[in-house]
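Everything below belongs to model22.txt, which stores compact mmCIF, C-alpha atoms.
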```txt
# COMPACT_ATOMS: atom_id res chain seq x y z
CA MET K 1 -2.77 -23.76 13.10
CA PHE K 2 -1.74 -23.56 9.44
CA ALA K 3 1.16 -21.27 10.33
CA GLU K 4 2.38 -23.53 13.14
CA MET K 5 2.37 -26.52 10.78
CA THR K 6 5.04 -24.85 8.64
CA LYS K 7 7.51 -25.53 11.45
CA ILE K 8 7.27 -29.25 10.68
CA PRO K 9 10.34 -29.72 8.41
CA PHE K 10 8.78 -31.56 5.45
CA VAL K 11 5.49 -29.65 5.62
CA GLY K 12 7.29 -26.33 5.96
CA HIS K 13 9.38 -27.01 2.86
CA LEU K 14 6.32 -27.86 0.76
CA VAL K 15 4.34 -24.85 1.98
CA ASP K 16 7.30 -22.54 1.41
CA TYR K 17 7.80 -23.76 -2.15
CA GLY K 18 4.11 -23.88 -3.02
CA PHE K 19 2.88 -20.61 -1.53
CA PHE K 20 5.82 -18.38 -0.54
CA ASN K 21 8.61 -19.13 -3.02
CA GLY K 22 10.16 -15.83 -4.14
CA ASP K 23 8.06 -13.74 -1.75
CA ASP K 24 9.40 -10.44 -0.48
CA ILE K 25 6.97 -8.19 1.39
CA ILE K 26 7.87 -5.00 3.21
CA TYR K 27 5.96 -3.24 5.98
CA LEU K 28 5.92 0.52 5.51
CA PRO K 29 5.75 2.54 8.74
CA LYS K 30 2.92 5.02 8.95
CA ASP K 31 3.98 8.50 7.86
CA SER K 32 2.64 9.92 11.10
CA ALA K 33 5.01 7.69 13.08
CA ILE K 34 8.12 9.38 11.64
CA GLN K 35 8.50 11.90 14.45
CA ILE K 36 12.22 12.58 14.62
CA LEU K 37 13.02 14.02 11.21
CA GLY K 38 14.15 17.27 12.82
CA ASP K 39 17.26 15.48 14.05
CA LEU K 40 18.37 14.91 10.48
CA ASP K 41 20.15 17.37 8.24
CA GLU K 42 17.97 19.10 5.65
CA PRO K 43 14.69 17.58 6.87
CA ASP K 44 12.71 19.35 4.17
CA ASN K 45 14.30 17.04 1.60
CA PHE K 46 13.39 13.90 3.52
CA VAL K 47 10.86 11.56 1.94
CA LEU K 48 8.12 9.61 3.73
CA PRO K 49 7.47 5.85 3.56
CA SER K 50 4.18 6.27 1.67
CA GLN K 51 6.16 7.60 -1.29
CA VAL K 52 7.19 4.01 -1.99
CA VAL K 53 3.54 3.19 -2.75
CA ASP K 54 3.02 6.36 -4.77
CA TYR K 55 6.18 5.69 -6.80
CA PHE K 56 5.03 2.26 -7.96
CA ILE K 57 1.52 3.49 -8.71
CA GLU K 58 3.03 6.23 -10.87
CA GLN K 59 5.27 3.73 -12.70
CA ALA K 60 2.68 1.01 -13.33
CA ASN K 61 0.78 0.63 -16.59
CA TYR K 62 -2.09 -1.33 -15.00
CA HIS K 63 -3.85 -0.60 -11.70
CA TRP K 64 -6.46 -2.82 -10.06
CA VAL K 65 -8.35 -2.25 -6.79
CA MET K 66 -10.31 -4.82 -4.80
CA ASP K 67 -13.86 -3.86 -3.90
CA GLN K 68 -13.28 -4.89 -0.29
CA CYS K 69 -10.62 -6.17 2.06
CA ILE K 70 -11.30 -9.90 2.32
CA CYS K 71 -9.51 -10.06 5.68
CA ARG K 72 -11.63 -7.37 7.31
CA ALA K 73 -14.79 -8.65 5.63
CA GLY K 74 -14.08 -12.22 6.76
CA ASP K 75 -13.45 -11.16 10.34
CA PHE K 76 -16.36 -8.69 10.42
CA CYS K 77 -14.03 -5.84 11.35
CA LEU K 78 -15.84 -2.92 12.98
CA ASP K 79 -12.84 -0.63 13.49
CA TYR K 80 -11.63 0.02 9.93
CA PRO K 81 -13.35 0.36 6.52
CA VAL K 82 -14.05 -2.94 4.81
CA ASP K 83 -14.39 -1.33 1.38
CA LEU K 84 -10.71 -0.29 1.24
CA GLY K 85 -9.24 -3.34 -0.46
CA CYS K 86 -5.80 -4.19 -1.81
CA ILE K 87 -4.20 -2.49 -4.78
CA PHE K 88 -2.52 -4.67 -7.40
CA LEU K 89 -0.16 -3.35 -10.06
CA GLY K 90 1.33 -4.82 -13.23
CA GLU K 91 0.31 -6.68 -16.35
CA ALA K 92 -0.80 -9.75 -14.37
CA VAL K 93 -3.84 -7.86 -13.03
CA LEU K 94 -5.50 -8.36 -16.41
CA ASP K 95 -6.16 -11.97 -15.37
CA ILE K 96 -8.01 -11.11 -12.15
CA ASN K 97 -11.73 -11.93 -11.96
CA THR K 98 -13.70 -8.70 -12.43
CA GLN K 99 -16.18 -9.80 -9.76
CA LEU K 100 -13.47 -9.11 -7.15
CA GLY K 101 -12.68 -5.54 -8.16
CA ARG K 102 -11.87 -3.33 -11.10
CA LEU K 103 -9.22 -1.71 -13.21
CA VAL K 104 -8.71 1.90 -12.19
CA THR K 105 -6.75 4.89 -13.44
CA LYS K 106 -3.46 5.96 -11.95
CA LYS K 107 -5.21 8.89 -10.28
CA GLU K 108 -7.86 6.63 -8.75
CA ALA K 109 -5.19 4.27 -7.41
CA LEU K 110 -3.31 7.15 -5.80
CA GLU K 111 -6.52 8.44 -4.22
CA HIS K 112 -7.38 4.94 -2.95
CA ALA K 113 -3.95 4.59 -1.30
CA LYS K 114 -4.36 8.00 0.31
CA ARG K 115 -7.78 7.05 1.72
CA CYS K 116 -6.24 3.90 3.19
CA ARG K 117 -3.59 5.94 5.00
CA GLU K 118 -6.12 8.49 6.21
CA ALA K 119 -8.19 5.62 7.66
CA GLY K 120 -5.19 4.57 9.76
CA LEU K 121 -4.27 1.47 7.79
CA VAL K 122 -0.70 0.21 7.36
CA HIS K 123 0.71 -0.47 3.90
CA MET K 124 2.56 -3.66 3.04
CA ILE K 125 4.06 -3.88 -0.42
CA GLY K 126 5.89 -6.55 -2.37
CA ARG K 127 5.85 -9.79 -4.28
CA ASN K 128 3.32 -12.27 -2.92
CA LYS K 129 2.96 -15.66 -4.59
CA LEU K 130 -0.15 -16.47 -2.57
CA ASP K 131 -1.97 -13.50 -4.12
CA ALA K 132 -0.92 -14.52 -7.63
CA PHE K 133 -2.17 -18.06 -6.90
CA TRP K 134 -5.64 -17.30 -5.58
CA LEU K 135 -6.23 -14.43 -7.98
CA GLY K 136 -5.05 -16.43 -10.99
CA ALA K 137 -2.74 -13.52 -11.87
CA ASN K 138 0.36 -14.73 -13.66
CA PRO K 139 3.24 -14.47 -13.83
CA ASN K 140 3.76 -13.38 -10.23
CA THR K 141 6.87 -11.49 -11.34
CA LYS K 142 4.46 -9.03 -12.95
CA LEU K 143 2.17 -8.58 -9.96
CA LEU K 144 2.88 -6.11 -7.17
CA THR K 145 0.67 -6.35 -4.09
CA ILE K 146 -0.11 -3.32 -1.94
CA CYS K 147 -2.08 -4.34 1.15
CA SER K 148 -3.54 -1.83 3.58
CA CYS K 149 -3.93 -3.64 6.87
CA CYS K 150 -5.45 -3.12 10.29
CA PRO K 151 -4.00 -4.90 13.34
CA CYS K 152 -7.02 -7.06 14.15
CA CYS K 153 -7.70 -8.80 10.84
CA CYS K 154 -4.53 -8.83 8.75
CA ILE K 155 -3.63 -12.28 7.43
CA TRP K 156 -0.01 -11.52 8.28
CA ARG K 157 -0.79 -11.69 11.98
CA MET K 158 0.26 -15.30 11.41
CA VAL K 159 3.89 -14.16 10.94
CA PRO K 160 4.96 -14.98 14.55
CA TYR K 161 3.77 -18.57 14.07
CA LEU K 162 5.33 -19.25 10.66
CA LYS K 163 8.55 -21.16 10.06
CA GLY K 164 11.38 -18.65 10.51
CA ALA K 165 12.53 -18.71 6.89
CA ILE K 166 9.00 -17.97 5.68
CA GLY K 167 8.28 -15.26 8.25
CA ALA K 168 11.53 -13.51 7.32
CA LYS K 169 10.11 -12.84 3.86
CA ILE K 170 7.82 -10.27 5.46
CA HIS K 171 10.20 -7.65 6.83
CA LYS K 172 10.72 -3.99 7.67
CA MET K 173 12.21 -1.27 5.50
CA PRO K 174 16.02 -1.11 5.26
CA GLY K 175 17.71 1.34 7.58
CA LEU K 176 14.81 1.65 10.01
CA GLU K 177 14.78 0.82 13.71
CA ILE K 178 12.31 1.37 16.56
CA GLN K 179 13.46 2.01 20.12
CA ILE K 180 11.92 2.55 23.56
CA THR K 181 13.04 5.71 25.38
CA GLU K 182 13.26 6.49 29.10
CA SER K 183 9.83 8.11 28.88
CA CYS K 184 8.14 4.69 28.92
CA ALA K 185 5.77 4.47 31.89
CA GLY K 186 4.80 0.83 31.37
CA CYS K 187 1.15 1.70 30.70
CA GLY K 188 0.69 -1.22 28.29
CA GLU K 189 -1.17 0.77 25.62
CA CYS K 190 1.20 -0.60 22.96
CA ILE K 191 0.56 -4.25 23.79
CA GLU K 192 -3.02 -5.21 22.99
CA ASN K 193 -4.09 -5.41 19.30
CA VAL K 194 -1.38 -2.98 18.21
CA CYS K 195 1.60 -4.95 16.90
CA PHE K 196 1.00 -7.17 13.88
CA VAL K 197 3.72 -9.62 14.89
CA ASN K 198 3.55 -9.54 18.73
CA ALA K 199 7.02 -7.99 18.87
CA ILE K 200 6.36 -5.79 21.89
CA CYS K 201 5.72 -6.77 25.51
CA LEU K 202 6.18 -5.51 29.05
CA LYS K 203 9.17 -6.65 31.11
CA ASP K 204 9.61 -5.27 34.60
CA SER K 205 6.90 -2.69 33.79
CA ILE K 206 8.79 -1.37 30.77
CA ALA K 207 7.94 -1.96 27.10
CA VAL K 208 10.48 -4.07 25.21
CA ILE K 209 10.64 -4.61 21.44
CA ASP K 210 12.33 -7.75 20.11
CA ASP K 211 14.00 -8.52 16.78
CA SER K 212 10.75 -9.70 15.19
CA CYS K 213 9.61 -6.06 14.88
CA ARG K 214 8.62 -5.22 11.29
CA GLY K 215 8.66 -1.47 11.84
CA CYS K 216 5.02 -0.61 11.07
CA GLY K 217 5.14 2.24 13.60
CA ARG K 218 1.74 1.61 15.18
CA CYS K 219 3.26 1.45 18.64
CA VAL K 220 4.98 4.80 18.01
CA GLU K 221 1.70 6.41 17.08
CA ILE K 222 -0.35 4.98 19.94
CA CYS K 223 2.05 5.60 22.83
CA PRO K 224 0.53 8.32 25.09
CA ASN K 225 3.97 9.27 26.45
CA GLU K 226 5.72 9.46 23.06
CA ALA K 227 8.19 6.96 24.48
CA ILE K 228 8.72 4.97 21.26
CA GLU K 229 10.71 6.42 18.38
CA ILE K 230 11.55 5.45 14.83
CA ILE K 231 15.25 5.81 14.12
CA ILE K 232 16.31 6.31 10.50
CA SER K 233 19.92 5.19 10.11
CA ASN K 234 19.84 5.27 6.32
CA ARG K 235 18.67 8.43 4.56
CA ARG K 236 18.14 6.35 1.41
CA PHE K 237 15.67 4.04 3.15
CA VAL K 238 12.87 4.91 0.72
CA GLN K 239 15.02 4.71 -2.42
CA ASP K 240 16.63 1.47 -1.25
CA THR K 241 13.16 -0.03 -0.79
CA ILE K 242 12.15 1.07 -4.28
CA ASP K 243 15.35 -0.37 -5.78
CA HIS K 244 14.88 -3.64 -3.90
CA LEU K 245 11.29 -4.18 -5.10
CA SER K 246 12.02 -3.00 -8.64
CA ALA K 247 14.55 -5.81 -9.00
CA LEU K 248 11.88 -8.38 -8.09
CA ILE K 249 8.81 -7.24 -10.02
CA ASP K 250 8.23 -5.76 -13.47
CA ILE K 251 5.14 -3.56 -13.39
CA SER K 252 5.80 -1.63 -16.60
```

Rewrite the structure from the file as structure tokens, please.
Amino acid sequence: MFAEMTKIPFVGHLVDYGFFNGDDIIYLPKDSAIQILGDLDEPDNFVLPSQVVDYFIEQANYHWVMDQCICRAGDFCLDYPVDLGCIFLGEAVLDINTQLGRLVTKKEALEHAKRCREAGLVHMIGRNKLDAFWLGANPNTKLLTICSCCPCCCIWRMVPYLKGAIGAKIHKMPGLEIQITESCAGCGECIENVCFVNAICLKDSIAVIDDSCRGCGRCVEICPNEAIEIIISNRRFVQDTIDHLSALIDIS
């Protein structure tokens, strides 16, 4: 209901300015969903999406981990670990209430991110004013959010219902596309509780992905016929993501 209200012109403008101004959040596809690297030249030199997370953890001077995921805890999630909370990086984490989590070492942050991936969670990374607001972590230009989300409880499941200009601030990595191949049997496995933004549906018994896709790769991973592929059109897709976020947030 809150998300739908942002489509009311005056309300949407106020919400955008108050809670989303300056936001830029990127879905990172799951490493296991990158299945077509063999089609690229020199595949051994190709980097995986998770290296975006590891890069910023390595560069940050301050690392903070939440004791639990408030989304999964609030929705009583039974499918994914509740104790794998968000990672926050940057000087602003020093303002966060210690009852919500703790400062950790670089090594601990890297291990936490790895556990999130091994649990099947999807990383989202970027500048998020809402986090800075509720955490009291300022300035938000010195706070980098790394969420690790499951499809059933993620707060960003509201993306399809947000005002278009707000929803566009949560986007996929540059140079990445997802396509359906002729192997699709129309089984529907990719439809229910898979896509964060409801970007995939069945039409004439064939899966179709629309432009709202954020490229998380969950549908690629879950398809029993391997009929969905991630296409990398830009070999610098990881470096371009790093450069893009580095221009927005100072975590040194």

Who sits within 12 Å of Gly90 of chain K, all atoms listed in the file, same chain under 5 positions skipped, as a ChimeraX atom specification: /K:56-65,95-96,103,106,126-127,132,137-146,246,249-252

So that I have them on file, write out the residues from the current selection with C-alpha atoms, as an mmCIF file, in the coordinates of the input.
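Listing of out.cif after writing:
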```
data_model
loop_
_atom_site.group_PDB
_atom_site.id
_atom_site.type_symbol
_atom_site.label_atom_id
_atom_site.label_comp_id
_atom_site.auth_asym_id
_atom_site.auth_seq_id
_atom_site.Cartn_x
_atom_site.Cartn_y
_atom_site.Cartn_z
ATOM 1 C CA PHE K 56 5.030 2.260 -7.960
ATOM 2 C CA ILE K 57 1.520 3.490 -8.710
ATOM 3 C CA GLU K 58 3.030 6.230 -10.870
ATOM 4 C CA GLN K 59 5.270 3.730 -12.700
ATOM 5 C CA ALA K 60 2.680 1.010 -13.330
ATOM 6 C CA ASN K 61 0.780 0.630 -16.590
ATOM 7 C CA TYR K 62 -2.090 -1.330 -15.000
ATOM 8 C CA HIS K 63 -3.850 -0.600 -11.700
ATOM 9 C CA TRP K 64 -6.460 -2.820 -10.060
ATOM 10 C CA VAL K 65 -8.350 -2.250 -6.790
ATOM 11 C CA ASP K 95 -6.160 -11.970 -15.370
ATOM 12 C CA ILE K 96 -8.010 -11.110 -12.150
ATOM 13 C CA LEU K 103 -9.220 -1.710 -13.210
ATOM 14 C CA LYS K 106 -3.460 5.960 -11.950
ATOM 15 C CA GLY K 126 5.890 -6.550 -2.370
ATOM 16 C CA ARG K 127 5.850 -9.790 -4.280
ATOM 17 C CA ALA K 132 -0.920 -14.520 -7.630
ATOM 18 C CA ALA K 137 -2.740 -13.520 -11.870
ATOM 19 C CA ASN K 138 0.360 -14.730 -13.660
ATOM 20 C CA PRO K 139 3.240 -14.470 -13.830
ATOM 21 C CA ASN K 140 3.760 -13.380 -10.230
ATOM 22 C CA THR K 141 6.870 -11.490 -11.340
ATOM 23 C CA LYS K 142 4.460 -9.030 -12.950
ATOM 24 C CA LEU K 143 2.170 -8.580 -9.960
ATOM 25 C CA LEU K 144 2.880 -6.110 -7.170
ATOM 26 C CA THR K 145 0.670 -6.350 -4.090
ATOM 27 C CA ILE K 146 -0.110 -3.320 -1.940
ATOM 28 C CA SER K 246 12.020 -3.000 -8.640
ATOM 29 C CA ILE K 249 8.810 -7.240 -10.020
ATOM 30 C CA ASP K 250 8.230 -5.760 -13.470
ATOM 31 C CA ILE K 251 5.140 -3.560 -13.390
ATOM 32 C CA SER K 252 5.800 -1.630 -16.600
#
```

Residue neighbourhood Glu118 of chain K, 12 Å, only C-alpha atoms, exclusion window fewer than 2 positions, as a PyMOL selection string: chain K and resi 30-32+50+80-81+84+111-116+120-123+148

May I have the residues from that selection written out with C-alpha atoms, as a JSON list (two decimals), in the coordinates of the input?
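Wrote again-v8.json, looks like this:
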```json
[["chain", "number", "residue", "atom", "x", "y", "z"],
["K", 30, "LYS", "CA", 2.92, 5.02, 8.95],
["K", 31, "ASP", "CA", 3.98, 8.50, 7.86],
["K", 32, "SER", "CA", 2.64, 9.92, 11.10],
["K", 50, "SER", "CA", 4.18, 6.27, 1.67],
["K", 80, "TYR", "CA", -11.63, 0.02, 9.93],
["K", 81, "PRO", "CA", -13.35, 0.36, 6.52],
["K", 84, "LEU", "CA", -10.71, -0.29, 1.24],
["K", 111, "GLU", "CA", -6.52, 8.44, -4.22],
["K", 112, "HIS", "CA", -7.38, 4.94, -2.95],
["K", 113, "ALA", "CA", -3.95, 4.59, -1.30],
["K", 114, "LYS", "CA", -4.36, 8.00, 0.31],
["K", 115, "ARG", "CA", -7.78, 7.05, 1.72],
["K", 116, "CYS", "CA", -6.24, 3.90, 3.19],
["K", 120, "GLY", "CA", -5.19, 4.57, 9.76],
["K", 121, "LEU", "CA", -4.27, 1.47, 7.79],
["K", 122, "VAL", "CA", -0.70, 0.21, 7.36],
["K", 123, "HIS", "CA", 0.71, -0.47, 3.90],
["K", 148, "SER", "CA", -3.54, -1.83, 3.58]]
```

Distance of atom CA of Ile180 of chain K from atom CA of Glu226 of chain K, expressed in Å to one decimal place: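 These two atoms are separated by 9.3 Å.
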
Give me the box for segment 82-98 of chain K as AutoDock Vina command-line options, namely the centre and edge lengths in Å to one decimal of a box along x, y and z that holds every listed atom plus 4 Å on each side.
```
--center_x -6.5 --center_y -6.1 --center_z -5.8 --size_x 23.7 --size_y 19.7 --size_z 29.2
```

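With all atoms listed in the file as the basis for measurement, K:Gly215 is the residue among K:Pro151, K:Pro174, K:Gly215, K:Pro9 that approaches Glu229 of chain K most closely.
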
Proximity to Asp54 of chain K - best of K:Cys223, K:Ala185, K:Leu176, K:Leu89, only C-alpha atoms: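 Nearest candidate to Asp54 of chain K out of K:Cys223, K:Ala185, K:Leu176, K:Leu89: K:Leu89.
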
For atom CA of Ala119 of chain K and atom CA of Gly85 of chain K, the interatomic separation in Å (one decimal):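 For atom CA of Ala119 of chain K relative to atom CA of Gly85 of chain K, the distance reads 12.1 Å.
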
Nearest to Asp24 of chain K, chosen from K:Cys201, K:Ala3, K:Ile166, K:Cys153, with all atoms listed in the file counted in the distances: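 Under the stated criterion, the closest residue is K:Ile166.
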